[in-house]
Structures are given as C-alpha cells and as structure tokens.
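Asker: This is start.tsv (TSV, C-alpha atoms (C1' of nucleotides)).
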```
chain	number	residue	atom	x	y	z
A	3	MET	CA	122.96	55.90	50.76
A	4	SER	CA	119.99	57.58	52.43
A	5	SER	CA	117.34	55.59	54.25
A	6	ILE	CA	114.73	56.63	51.71
A	7	GLU	CA	116.99	55.55	48.87
A	8	GLU	CA	117.26	52.15	50.51
A	9	LYS	CA	113.50	51.85	50.71
A	10	CYS	CA	113.28	52.71	47.03
A	11	LYS	CA	115.63	49.86	46.21
A	12	ILE	CA	113.56	47.46	48.27
A	13	LYS	CA	110.32	48.57	46.66
A	14	GLY	CA	111.76	48.54	43.16
A	15	VAL	CA	111.47	52.28	42.62
A	16	ARG	CA	113.80	53.32	39.84
A	17	LEU	CA	116.49	55.67	41.10
A	18	THR	CA	117.49	58.71	39.13
A	19	ASP	CA	119.88	61.46	40.24
A	20	GLN	CA	116.93	63.71	41.03
A	21	ARG	CA	115.19	61.09	43.12
A	22	LYS	CA	118.39	60.27	44.99
A	23	LEU	CA	118.83	63.92	45.82
A	24	ILE	CA	115.23	64.35	46.98
A	25	ALA	CA	115.53	61.12	48.96
A	26	LYS	CA	118.66	62.38	50.68
A	27	ILE	CA	117.16	65.72	51.59
A	28	MET	CA	113.94	64.18	52.92
A	29	SER	CA	115.93	61.59	54.85
A	30	GLU	CA	117.91	64.28	56.60
A	31	ALA	CA	115.04	66.72	57.13
A	32	LYS	CA	114.09	67.20	60.74
A	33	ASP	CA	111.01	69.25	59.88
A	34	HIS	CA	107.99	68.92	57.57
A	35	PRO	CA	108.84	70.83	54.39
A	36	ASP	CA	106.32	71.71	51.72
A	37	VAL	CA	107.11	71.23	48.05
A	38	ASP	CA	108.44	74.75	47.60
A	39	GLU	CA	110.82	74.44	50.51
A	40	LEU	CA	111.92	71.02	49.32
A	41	HIS	CA	112.55	72.40	45.85
A	42	ARG	CA	114.56	75.23	47.38
A	43	ARG	CA	116.78	72.77	49.24
A	44	VAL	CA	117.15	70.60	46.18
A	45	SER	CA	118.00	73.60	44.01
A	46	ALA	CA	120.76	74.61	46.38
A	47	ILE	CA	122.56	71.46	45.27
A	48	ASP	CA	121.26	71.06	41.73
A	49	LYS	CA	119.59	74.05	40.12
A	50	LYS	CA	118.39	72.09	37.13
A	51	VAL	CA	115.82	69.97	39.02
A	52	SER	CA	112.38	71.26	38.14
A	53	ILE	CA	109.56	71.71	40.61
A	54	ALA	CA	107.43	69.36	38.50
A	55	THR	CA	109.90	66.62	39.27
A	56	VAL	CA	109.71	67.41	42.97
A	57	TYR	CA	105.92	67.15	42.80
A	58	ARG	CA	106.09	63.88	40.87
A	59	THR	CA	108.66	62.45	43.25
A	60	VAL	CA	106.90	63.24	46.52
A	61	LYS	CA	103.75	61.73	45.06
A	62	LEU	CA	105.67	58.64	44.01
A	63	PHE	CA	107.31	58.29	47.43
A	64	GLU	CA	104.00	58.83	49.16
A	65	GLU	CA	102.25	56.16	47.11
A	66	ALA	CA	105.07	53.77	47.95
A	67	SER	CA	104.57	54.58	51.65
A	68	ILE	CA	108.09	55.96	51.84
A	69	ILE	CA	107.09	59.42	52.94
A	70	ASP	CA	103.91	60.79	54.52
A	71	LYS	CA	101.85	63.69	53.30
A	72	HIS	CA	100.14	66.06	55.73
A	73	ASP	CA	97.46	68.62	54.94
A	74	PHE	CA	97.82	70.91	57.90
A	75	LYS	CA	95.99	74.22	57.85
A	76	GLY	CA	97.62	76.54	55.35
A	77	GLY	CA	96.85	75.18	51.92
A	78	LYS	CA	100.12	73.53	50.98
A	79	ALA	CA	100.88	69.87	51.57
A	80	ARG	CA	103.83	69.10	53.81
A	81	TYR	CA	105.94	65.96	53.90
A	82	GLU	CA	108.05	63.90	56.26
A	83	LYS	CA	109.70	60.54	55.87
A	84	SER	CA	107.48	57.76	57.13
A	85	PRO	CA	108.40	57.23	60.76
A	86	ASP	CA	109.17	53.84	62.22
A	87	GLU	CA	106.59	54.33	64.91
A	88	HIS	CA	103.45	56.31	64.26
A	89	HIS	CA	103.07	59.77	65.78
A	90	ASP	CA	100.67	62.69	65.68
A	91	HIS	CA	101.30	66.43	65.55
A	92	LEU	CA	100.78	69.49	67.66
A	93	ILE	CA	101.05	72.73	65.68
A	94	ASP	CA	101.98	76.00	67.35
A	95	VAL	CA	99.40	78.37	65.87
A	96	ASN	CA	101.67	81.37	66.41
A	97	SER	CA	105.01	80.15	65.15
A	98	GLY	CA	103.94	77.31	62.88
A	99	GLU	CA	106.33	75.03	64.74
A	100	ILE	CA	105.35	71.37	64.72
A	101	ILE	CA	105.83	69.10	67.69
A	102	GLU	CA	105.48	65.35	67.27
A	103	PHE	CA	103.93	63.22	69.96
A	104	THR	CA	102.55	59.76	70.57
A	105	ASN	CA	99.81	58.67	72.89
A	106	GLU	CA	98.94	55.02	73.05
A	107	GLU	CA	95.80	55.66	75.02
A	108	ILE	CA	94.34	57.89	72.31
A	109	GLU	CA	95.31	55.39	69.62
A	110	LYS	CA	93.50	52.64	71.46
A	111	LEU	CA	90.40	54.75	72.00
A	112	GLN	CA	90.25	55.61	68.31
A	113	LYS	CA	90.15	51.97	67.36
A	114	GLN	CA	87.47	51.36	69.96
A	115	VAL	CA	85.34	54.23	68.71
A	116	ALA	CA	85.57	53.00	65.13
A	117	ARG	CA	84.73	49.44	66.09
A	118	LYS	CA	81.74	50.59	68.14
A	119	LEU	CA	80.44	52.41	65.07
A	120	GLY	CA	80.88	49.27	62.98
A	121	TYR	CA	84.08	50.25	61.25
A	122	LYS	CA	87.60	48.97	60.96
A	123	LEU	CA	90.05	51.83	61.33
A	124	VAL	CA	92.31	52.11	58.28
A	125	ASP	CA	93.70	55.58	58.80
A	126	HIS	CA	93.33	58.56	61.03
A	127	LYS	CA	94.41	62.13	61.48
A	128	LEU	CA	94.90	63.84	64.80
A	129	GLU	CA	96.17	67.38	64.89
A	130	LEU	CA	96.31	69.59	67.96
A	131	TYR	CA	96.60	73.33	67.52
A	132	GLY	CA	97.88	75.23	70.52
A	133	THR	CA	99.57	78.29	71.94
A	134	LYS	CA	102.69	78.16	74.06
A	135	ILE	CA	102.15	78.49	77.79
A	136	LYS	CA	104.64	81.00	79.12
A	137	ASP	CA	106.40	79.86	82.25
B	7	MET	CA	63.80	82.14	60.25
B	8	SER	CA	66.61	79.62	60.15
B	9	SER	CA	68.90	79.04	63.10
B	10	ILE	CA	71.86	80.36	61.17
B	11	GLU	CA	69.92	83.48	60.23
B	12	GLU	CA	69.25	84.06	63.91
B	13	LYS	CA	72.93	83.79	64.70
B	14	CYS	CA	73.66	86.31	61.97
B	15	LYS	CA	71.27	88.76	63.59
B	16	ILE	CA	72.93	88.26	66.95
B	17	LYS	CA	76.39	88.74	65.54
B	18	GLY	CA	75.40	91.73	63.47
B	19	VAL	CA	75.98	90.08	60.10
B	20	ARG	CA	74.09	91.98	57.43
B	21	LEU	CA	71.42	89.80	55.89
B	22	THR	CA	70.85	89.77	52.17
B	23	ASP	CA	68.48	87.49	50.25
B	24	GLN	CA	71.44	85.38	49.17
B	25	ARG	CA	72.73	85.00	52.69
B	26	LYS	CA	69.29	84.14	54.04
B	27	LEU	CA	68.95	81.43	51.44
B	28	ILE	CA	72.39	79.98	52.13
B	29	ALA	CA	71.67	80.18	55.85
B	30	LYS	CA	68.44	78.26	55.39
B	31	ILE	CA	70.01	75.52	53.32
B	32	MET	CA	72.93	75.07	55.69
B	33	SER	CA	70.58	75.08	58.67
B	34	GLU	CA	68.57	72.27	57.18
B	35	ALA	CA	71.49	70.25	55.81
B	36	LYS	CA	72.04	66.95	57.53
B	37	ASP	CA	75.29	66.29	55.71
B	38	HIS	CA	78.55	68.16	55.04
B	39	PRO	CA	78.20	69.77	51.61
B	40	ASP	CA	81.07	71.32	49.70
B	41	VAL	CA	80.70	74.68	47.98
B	42	ASP	CA	79.65	73.17	44.66
B	43	GLU	CA	76.93	71.11	46.26
B	44	LEU	CA	75.76	74.08	48.31
B	45	HIS	CA	75.64	76.22	45.19
B	46	ARG	CA	73.65	73.50	43.45
B	47	ARG	CA	71.07	73.50	46.25
B	48	VAL	CA	70.94	77.28	46.31
B	49	SER	CA	70.55	77.44	42.53
B	50	ALA	CA	67.58	75.11	42.69
B	51	ILE	CA	65.77	77.93	44.46
B	52	ASP	CA	67.45	80.99	43.01
B	53	LYS	CA	69.49	80.51	39.84
B	54	LYS	CA	70.95	84.00	39.97
B	55	VAL	CA	73.12	83.44	43.05
B	56	SER	CA	76.71	83.21	41.91
B	57	ILE	CA	79.23	80.73	43.21
B	58	ALA	CA	81.46	83.64	44.24
B	59	THR	CA	78.77	84.70	46.65
B	60	VAL	CA	78.56	81.20	48.04
B	61	TYR	CA	82.31	81.22	48.60
B	62	ARG	CA	82.17	84.64	50.22
B	63	THR	CA	79.27	83.66	52.41
B	64	VAL	CA	80.66	80.40	53.76
B	65	LYS	CA	83.86	82.24	54.57
B	66	LEU	CA	81.90	84.96	56.33
B	67	PHE	CA	79.84	82.45	58.31
B	68	GLU	CA	82.93	80.50	59.19
B	69	GLU	CA	84.77	83.55	60.47
B	70	ALA	CA	81.74	84.39	62.59
B	71	SER	CA	81.81	80.85	64.02
B	72	ILE	CA	78.39	80.15	62.57
B	73	ILE	CA	79.46	77.24	60.42
B	74	ASP	CA	82.48	74.94	60.52
B	75	LYS	CA	84.85	74.18	57.70
B	76	HIS	CA	86.36	70.72	57.27
B	77	ASP	CA	89.27	69.76	55.05
B	78	PHE	CA	88.67	66.06	54.75
B	79	LYS	CA	90.66	64.13	52.19
B	80	GLY	CA	89.48	64.98	48.72
B	81	GLY	CA	90.60	68.50	48.00
B	82	LYS	CA	87.42	70.48	48.47
B	83	ALA	CA	86.38	72.08	51.74
B	84	ARG	CA	83.13	70.87	53.30
B	85	TYR	CA	80.84	72.70	55.69
B	86	GLU	CA	78.35	72.05	58.45
B	87	LYS	CA	76.55	74.36	60.83
B	88	SER	CA	78.46	74.75	64.07
B	89	PRO	CA	77.06	72.11	66.42
B	90	ASP	CA	75.97	72.87	69.94
B	91	GLU	CA	78.24	70.23	71.31
B	92	HIS	CA	81.54	69.47	69.67
B	93	HIS	CA	81.95	66.25	67.72
B	94	ASP	CA	84.52	64.54	65.53
B	95	HIS	CA	84.13	62.58	62.30
B	96	LEU	CA	84.58	59.08	61.00
B	97	ILE	CA	84.72	58.91	57.22
B	98	ASP	CA	83.78	55.72	55.36
B	99	VAL	CA	86.62	55.46	52.86
B	100	ASN	CA	84.50	53.44	50.45
B	101	SER	CA	81.24	55.37	50.39
B	102	GLY	CA	82.39	58.77	51.56
B	103	GLU	CA	79.70	58.68	54.23
B	104	ILE	CA	80.47	60.70	57.35
B	105	ILE	CA	79.53	59.58	60.83
B	106	GLU	CA	79.72	62.02	63.70
B	107	PHE	CA	80.84	60.91	67.13
B	108	THR	CA	81.95	62.27	70.46
B	109	ASN	CA	84.36	60.80	72.95
B	110	GLU	CA	84.99	62.66	76.16
B	111	GLU	CA	87.94	60.49	77.03
B	112	ILE	CA	89.80	61.41	73.87
B	113	GLU	CA	88.99	65.09	74.33
B	114	LYS	CA	90.42	65.01	77.82
B	115	LEU	CA	93.57	63.21	76.71
B	116	GLN	CA	94.17	65.74	73.97
B	117	LYS	CA	94.17	68.59	76.46
B	118	GLN	CA	96.51	66.62	78.69
B	119	VAL	CA	98.92	65.92	75.85
B	120	ALA	CA	99.00	69.60	74.86
B	121	ARG	CA	99.54	70.75	78.42
B	122	LYS	CA	102.34	68.25	78.93
B	123	LEU	CA	104.07	69.69	75.86
B	124	GLY	CA	103.67	73.19	77.24
B	125	TYR	CA	100.74	74.26	75.11
B	126	LYS	CA	97.20	75.42	75.61
B	127	LEU	CA	94.89	73.64	73.20
B	128	VAL	CA	93.00	76.13	71.04
B	129	ASP	CA	91.74	73.82	68.33
B	130	HIS	CA	92.05	70.26	67.19
B	131	LYS	CA	91.13	67.94	64.41
B	132	LEU	CA	90.38	64.26	64.74
B	133	GLU	CA	89.32	62.28	61.71
B	134	LEU	CA	88.98	58.53	61.59
B	135	TYR	CA	88.95	56.79	58.23
B	136	GLY	CA	87.48	53.32	58.19
B	137	THR	CA	85.83	50.52	56.29
B	138	LYS	CA	82.51	49.02	57.24
B	139	ILE	CA	82.64	45.74	59.12
B	140	LYS	CA	80.19	43.34	57.50
B	141	ASP	CA	78.02	41.53	60.02
C	10	DA	C1'	72.44	108.26	51.53
C	11	DT	C1'	76.03	105.32	51.47
C	12	DA	C1'	78.78	101.69	52.93
C	13	DA	C1'	78.41	96.98	52.13
C	14	DT	C1'	77.26	93.22	48.84
C	15	DT	C1'	76.65	91.02	44.41
C	16	DG	C1'	77.80	89.05	39.75
C	17	DC	C1'	80.92	88.51	36.46
C	18	DA	C1'	85.18	87.42	34.76
C	19	DA	C1'	89.85	87.54	35.44
C	20	DA	C1'	93.44	86.30	38.64
C	21	DT	C1'	95.46	83.39	42.01
C	22	DG	C1'	98.04	79.50	44.20
C	23	DC	C1'	98.96	74.80	44.43
C	24	DT	C1'	99.32	70.81	41.78
C	25	DT	C1'	99.05	67.97	37.57
C	26	DT	C1'	99.98	66.85	32.79
C	27	DG	C1'	101.23	66.64	27.58
C	28	DC	C1'	104.97	66.51	24.98
C	29	DT	C1'	109.75	66.16	23.58
C	30	DT	C1'	114.24	65.03	24.98
C	31	DG	C1'	117.16	62.53	28.10
C	32	DT	C1'	118.58	58.31	30.80
C	33	DG	C1'	118.80	54.17	34.15
C	34	DA	C1'	118.80	49.18	34.23
D	5	DT	C1'	117.89	49.23	23.75
D	6	DC	C1'	113.76	51.37	25.29
D	7	DA	C1'	110.38	51.83	28.79
D	8	DC	C1'	110.45	55.19	31.99
D	9	DA	C1'	111.77	59.89	33.88
D	10	DA	C1'	112.79	64.94	33.49
D	11	DG	C1'	112.06	69.66	32.03
D	12	DC	C1'	109.24	73.03	30.37
D	13	DA	C1'	105.21	75.34	29.74
D	14	DA	C1'	100.44	74.97	29.54
D	15	DA	C1'	96.33	73.26	31.81
D	16	DG	C1'	93.40	72.16	35.91
D	17	DC	C1'	90.94	72.92	40.03
D	18	DA	C1'	89.37	75.18	44.11
D	19	DT	C1'	89.20	79.58	45.75
D	20	DT	C1'	89.79	84.67	45.79
D	21	DT	C1'	89.43	89.31	44.02
D	22	DG	C1'	88.80	93.92	41.18
D	23	DC	C1'	85.29	96.44	39.53
D	24	DA	C1'	80.89	98.34	38.20
D	25	DA	C1'	76.14	97.83	39.39
D	26	DT	C1'	72.86	96.87	43.12
D	27	DT	C1'	70.95	96.80	47.82
D	28	DA	C1'	70.25	96.80	53.00
D	29	DT	C1'	69.89	99.73	56.83
```
Would you put the structure from the file into structure tokens?

Answerer:
Amino acid sequence: MSSIEEKCKIKGVRLTDQRKLIAKIMSEAKDHPDVDELHRRVSAIDKKVSIATVYRTVKLFEEASIIDKHDFKGGKARYEKSPDEHHDHLIDVNSGEIIEFTNEEIEKLQKQVARKLGYKLVDHKLELYGTKIKD
Amino acid sequence: MSSIEEKCKIKGVRLTDQRKLIAKIMSEAKDHPDVDELHRRVSAIDKKVSIATVYRTVKLFEEASIIDKHDFKGGKARYEKSPDEHHDHLIDVNSGEIIEFTNEEIEKLQKQVARKLGYKLVDHKLELYGTKIKD
DNA sequence: ATAATTGCAAATGCTTTGCTTGTGA
DNA sequence: TCACAAGCAAAGCATTTGCAATTAT
C-alpha cells in the first residue's frame, strides 16, 4: 500500500481503484508532475481513468493535506506528495528542472518579518529561479 | 506625464491614448490591481478601451520591465509598477490586503542558497501569507 | 505612408461541474 | 443498500489572438 493510500485511510478518504492508482503514482513520483503528466502515467496503467477524475483527486488530496500544489511559472499547477519536512524550490529557468532545498535561517527570518509586521505566518512561498553555473 | 509614460519613451514603446491612460492609472495606483480592476478604472475615464487592450498593454509593460506581474493565490494576475528598490509581499489571508516589505538578510541568503546549489539567481518569489495578530 | 495598435468576437488552455451510471463500505 | 465517485461532455474563467478598421510617427 502506498504512503498516500495510508494517509487516506487515516483521514477517512474513501478509496476507489482510481484513487489508489493516483496515490501510488504520486507516492512514487520523484518529480512534480502537472495534471496532464499525472493523467498520462495513470493512463499507462488504466486507460479508462478520465482526466476529470485526476483533477478531482488531486484537489481532494490537496485539501486533505496529503499532497501539495505548486503554481510555478508556466500556467499549470504541479503536485508533489506532502513532504515530512518542509522544503522550498529552485527552478532551473533553462531546463525546467526543480531542485528542492531547505534553509532554516530563511524560515526563521520569514517568521520574524511577519511578526514585526503584526502578522502570524500561516503559509509562505519561496521560489528561486536560476541558471546553472558552468564549472 | 506619468512615470510609466516616461519609461515608455525611454524604452521606445509607442504611446497611444490607451497606453497613456493605463500608464497613468498604474503610476498612481497604490495597490496591486488585477486586469479587471485596471479595466474598471480605465473605463471610468474612457469607456471605449477594451479589456483586450488592457491585457495587451500590461503584457507589453511587463516585458519592458515597466510593471511587475504577480501570481498571488487567487487565479488572476495582479500588477504594480516596477519599484525602484525590490520588495517582497505579505498577504493578509483574511482581508486580501498586501503589505510590502524588504529584508536584506533574506535576499542575501537566497543568493547563497542558489550559489551553493550551483546556480546563479536570476529571479525569485517570496510571498508570506499571514493572519493579523490582535493587540 | 505604413507599420503598429485597437476593438470585437472567437478561440484558447487549464480547470470545474452537471448529469447519469457505477461502486465502495 | 445508497451516499458517494467516475466518466463524459459541456461550461467556466482568465487570457490570447485573427482580422478589419484606425492611428502614431
């Protein structure tokens, strides 16, 4: 059983064949697929799953905090399974490749900035866009 | 003449009545209007300006680095005139209000993170989402 | 003069939804 | 059993675009 499927059980999300399949594929994904790509991977195993179901399922998983949605530049939403520890993203503007990173210092400073402005931080988005340095 | 209109002159952007009007409204805006809101403000002065022209113009201004586009949560793009000094945004998740802030420390750390990963930072996005702390 | 710009409406691309049929607990 | 989910096609929403008419330089 995939890790996402387990989370569904815990959260009382009803499991259908389609959802199990999407859960499995998202659990195993090492990248950040958009809905089209996800549907492509799903279809490779079960052609009958409609893209509407993929849309409904990623939304469901996202609302249950089982997967995370990202709106990187490019128009289409991309997803990844919710990580155990938070991380941010650096996007290679040439290749589209996404590198994950964490930086405690920045996290801390964000909270400080928010507090100083009179706010409690409930969410944040940090995306770095860069070009590879040739060595 | 509005500050955006001046930049257009400098960059050789052809100035039409519509563009002058949009330039003026964006120059004076103290918030981050979306295209609909911008069109509403433009229409209050000249009803004949179409929303297609507003779309074309914000795109043109953005590509000329005269205004900045933001994709905050909510689906529609929002714009502000390019500031002299860079800043980031904190969005009040309850009211939608946007507070601008700068933090040199965070900026520096971002560059460091990118470099450490083998990248040159060409752009970045930092958005904080928070709730007001009652005092 | 003439290449660029506008307005309009139609087209686009991603995402959501109504409805009927199918199905998990 | 039966409330919920899936499939399909149609609808929605923000944004873009083709084309004929208009305009800035």

Asker: Just want the 12 Å neighbourhood of region 6-23 of chain D, counted on all atoms listed in the file, with same-chain residues fewer than 3 positions away dropped. Output as a VMD selection string.

Answerer: (chain A and resid 15 to 21 49 to 59 62 77) or (chain B and resid 40 to 42 57 to 62 64 to 65 80 to 84) or (chain C and resid 15 to 34)

Asker: Need the shell around Ile51 (chain B): protein/DNA/RNA residues with any atom at most 12 Å away, counting all atoms listed in the file. Skip same-chain ones fewer than 5 positions apart. Format as a PyMOL selection string?

Answerer: chain B and resi 23-24+26-28+30-31+44-46

Asker: Could you tell me how far CA of Lys127 (chain A) sits from CA of Val99 (chain B), in Å to one decimal place?

Answerer: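 Interatomic distance here is 13.4 Å.
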
Asker: Should the cut-off be 12 Å, what would the residue list for chain B against chain A look like, counting all atoms listed in the file, as a ChimeraX atom specification?

Answerer: /B:75-83,94-100,103-141

Asker: For CA of Ser9 (chain B) and CA of Ile72 (chain B), quote the distance in Å rounded to one decimal.

Answerer: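 Distance reported for this atom pair: 9.6 Å.
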
Asker: In Å to one decimal, how far is CA of Asp70 (chain A) from CA of Glu39 (chain A)?

Answerer: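 One can read the CA of Glu39 (chain A) to CA of Asp70 (chain A) distance as 15.8 Å.
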
Asker: Could you add the missing atoms to region 89-100 of chain B, up to all heavy atoms, and return them as a compact mmCIF listing (two decimals), in the frame of the given file?

Answerer:
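Dumped to out.txt:
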```txt
# COMPACT_ATOMS: atom_id res chain seq x y z
N PRO B 89 77.93 72.88 65.53
CA PRO B 89 77.06 72.11 66.42
C PRO B 89 77.08 72.68 67.83
O PRO B 89 78.01 73.38 68.21
CB PRO B 89 77.71 70.73 66.39
CG PRO B 89 79.15 71.00 66.14
CD PRO B 89 79.21 72.23 65.29
N ASP B 90 76.03 72.39 68.56
CA ASP B 90 75.97 72.87 69.94
C ASP B 90 77.03 72.20 70.78
O ASP B 90 77.74 72.85 71.54
CB ASP B 90 74.57 72.61 70.52
CG ASP B 90 73.50 73.39 69.76
OD1 ASP B 90 73.83 74.51 69.30
OD2 ASP B 90 72.39 72.88 69.61
N GLU B 91 77.13 70.88 70.63
CA GLU B 91 78.24 70.23 71.31
C GLU B 91 79.21 69.71 70.25
O GLU B 91 78.80 69.14 69.26
CB GLU B 91 77.77 69.04 72.17
CG GLU B 91 76.33 69.10 72.63
CD GLU B 91 75.48 68.03 71.94
OE1 GLU B 91 76.05 67.02 71.46
OE2 GLU B 91 74.26 68.23 71.87
N HIS B 92 80.47 69.89 70.57
CA HIS B 92 81.54 69.47 69.67
C HIS B 92 81.45 67.98 69.31
O HIS B 92 81.05 67.17 70.11
CB HIS B 92 82.89 69.73 70.35
CG HIS B 92 84.02 69.02 69.71
ND1 HIS B 92 84.62 69.48 68.56
CD2 HIS B 92 84.65 67.87 70.03
CE1 HIS B 92 85.56 68.64 68.21
NE2 HIS B 92 85.62 67.65 69.09
N HIS B 93 81.84 67.65 68.10
CA HIS B 93 81.95 66.25 67.72
C HIS B 93 83.08 66.07 66.71
O HIS B 93 83.53 67.03 66.11
CB HIS B 93 80.62 65.72 67.16
CG HIS B 93 80.19 66.40 65.90
ND1 HIS B 93 79.01 67.13 65.81
CD2 HIS B 93 80.77 66.50 64.69
CE1 HIS B 93 78.90 67.63 64.59
NE2 HIS B 93 79.96 67.26 63.88
N ASP B 94 83.52 64.84 66.53
CA ASP B 94 84.52 64.54 65.53
C ASP B 94 83.88 63.69 64.44
O ASP B 94 82.69 63.44 64.47
CB ASP B 94 85.72 63.83 66.19
CG ASP B 94 86.47 64.76 67.14
OD1 ASP B 94 86.92 65.82 66.68
OD2 ASP B 94 86.56 64.45 68.34
N HIS B 95 84.69 63.26 63.47
CA HIS B 95 84.13 62.58 62.30
C HIS B 95 84.84 61.28 61.97
O HIS B 95 86.05 61.18 62.06
CB HIS B 95 84.19 63.49 61.08
CG HIS B 95 83.44 64.77 61.27
ND1 HIS B 95 84.03 65.89 61.82
CD2 HIS B 95 82.15 65.10 61.02
CE1 HIS B 95 83.12 66.87 61.88
NE2 HIS B 95 81.98 66.41 61.40
N LEU B 96 84.03 60.31 61.56
CA LEU B 96 84.58 59.08 61.00
C LEU B 96 84.12 59.04 59.56
O LEU B 96 82.92 59.16 59.28
CB LEU B 96 84.06 57.85 61.77
CG LEU B 96 84.65 56.50 61.33
CD1 LEU B 96 84.61 55.51 62.50
CD2 LEU B 96 83.89 55.90 60.15
N ILE B 97 85.07 58.91 58.63
CA ILE B 97 84.72 58.91 57.22
C ILE B 97 84.85 57.50 56.65
O ILE B 97 85.88 56.85 56.80
CB ILE B 97 85.63 59.89 56.43
CG1 ILE B 97 85.41 61.31 56.92
CG2 ILE B 97 85.36 59.81 54.94
CD1 ILE B 97 86.46 61.84 57.86
N ASP B 98 83.77 57.02 56.03
CA ASP B 98 83.78 55.72 55.36
C ASP B 98 84.59 55.89 54.07
O ASP B 98 84.18 56.60 53.16
CB ASP B 98 82.34 55.31 55.03
CG ASP B 98 82.25 53.91 54.42
OD1 ASP B 98 83.12 53.58 53.59
OD2 ASP B 98 81.32 53.19 54.76
N VAL B 99 85.74 55.23 54.01
CA VAL B 99 86.62 55.46 52.86
C VAL B 99 86.05 54.90 51.57
O VAL B 99 86.48 55.28 50.48
CB VAL B 99 88.04 54.87 53.09
CG1 VAL B 99 88.73 55.58 54.24
CG2 VAL B 99 87.97 53.39 53.33
N ASN B 100 85.09 54.00 51.67
CA ASN B 100 84.50 53.44 50.45
C ASN B 100 83.35 54.28 49.94
O ASN B 100 83.29 54.59 48.76
CB ASN B 100 84.04 52.00 50.71
CG ASN B 100 85.22 51.09 51.01
OD1 ASN B 100 85.22 50.36 52.00
ND2 ASN B 100 86.24 51.14 50.18
```
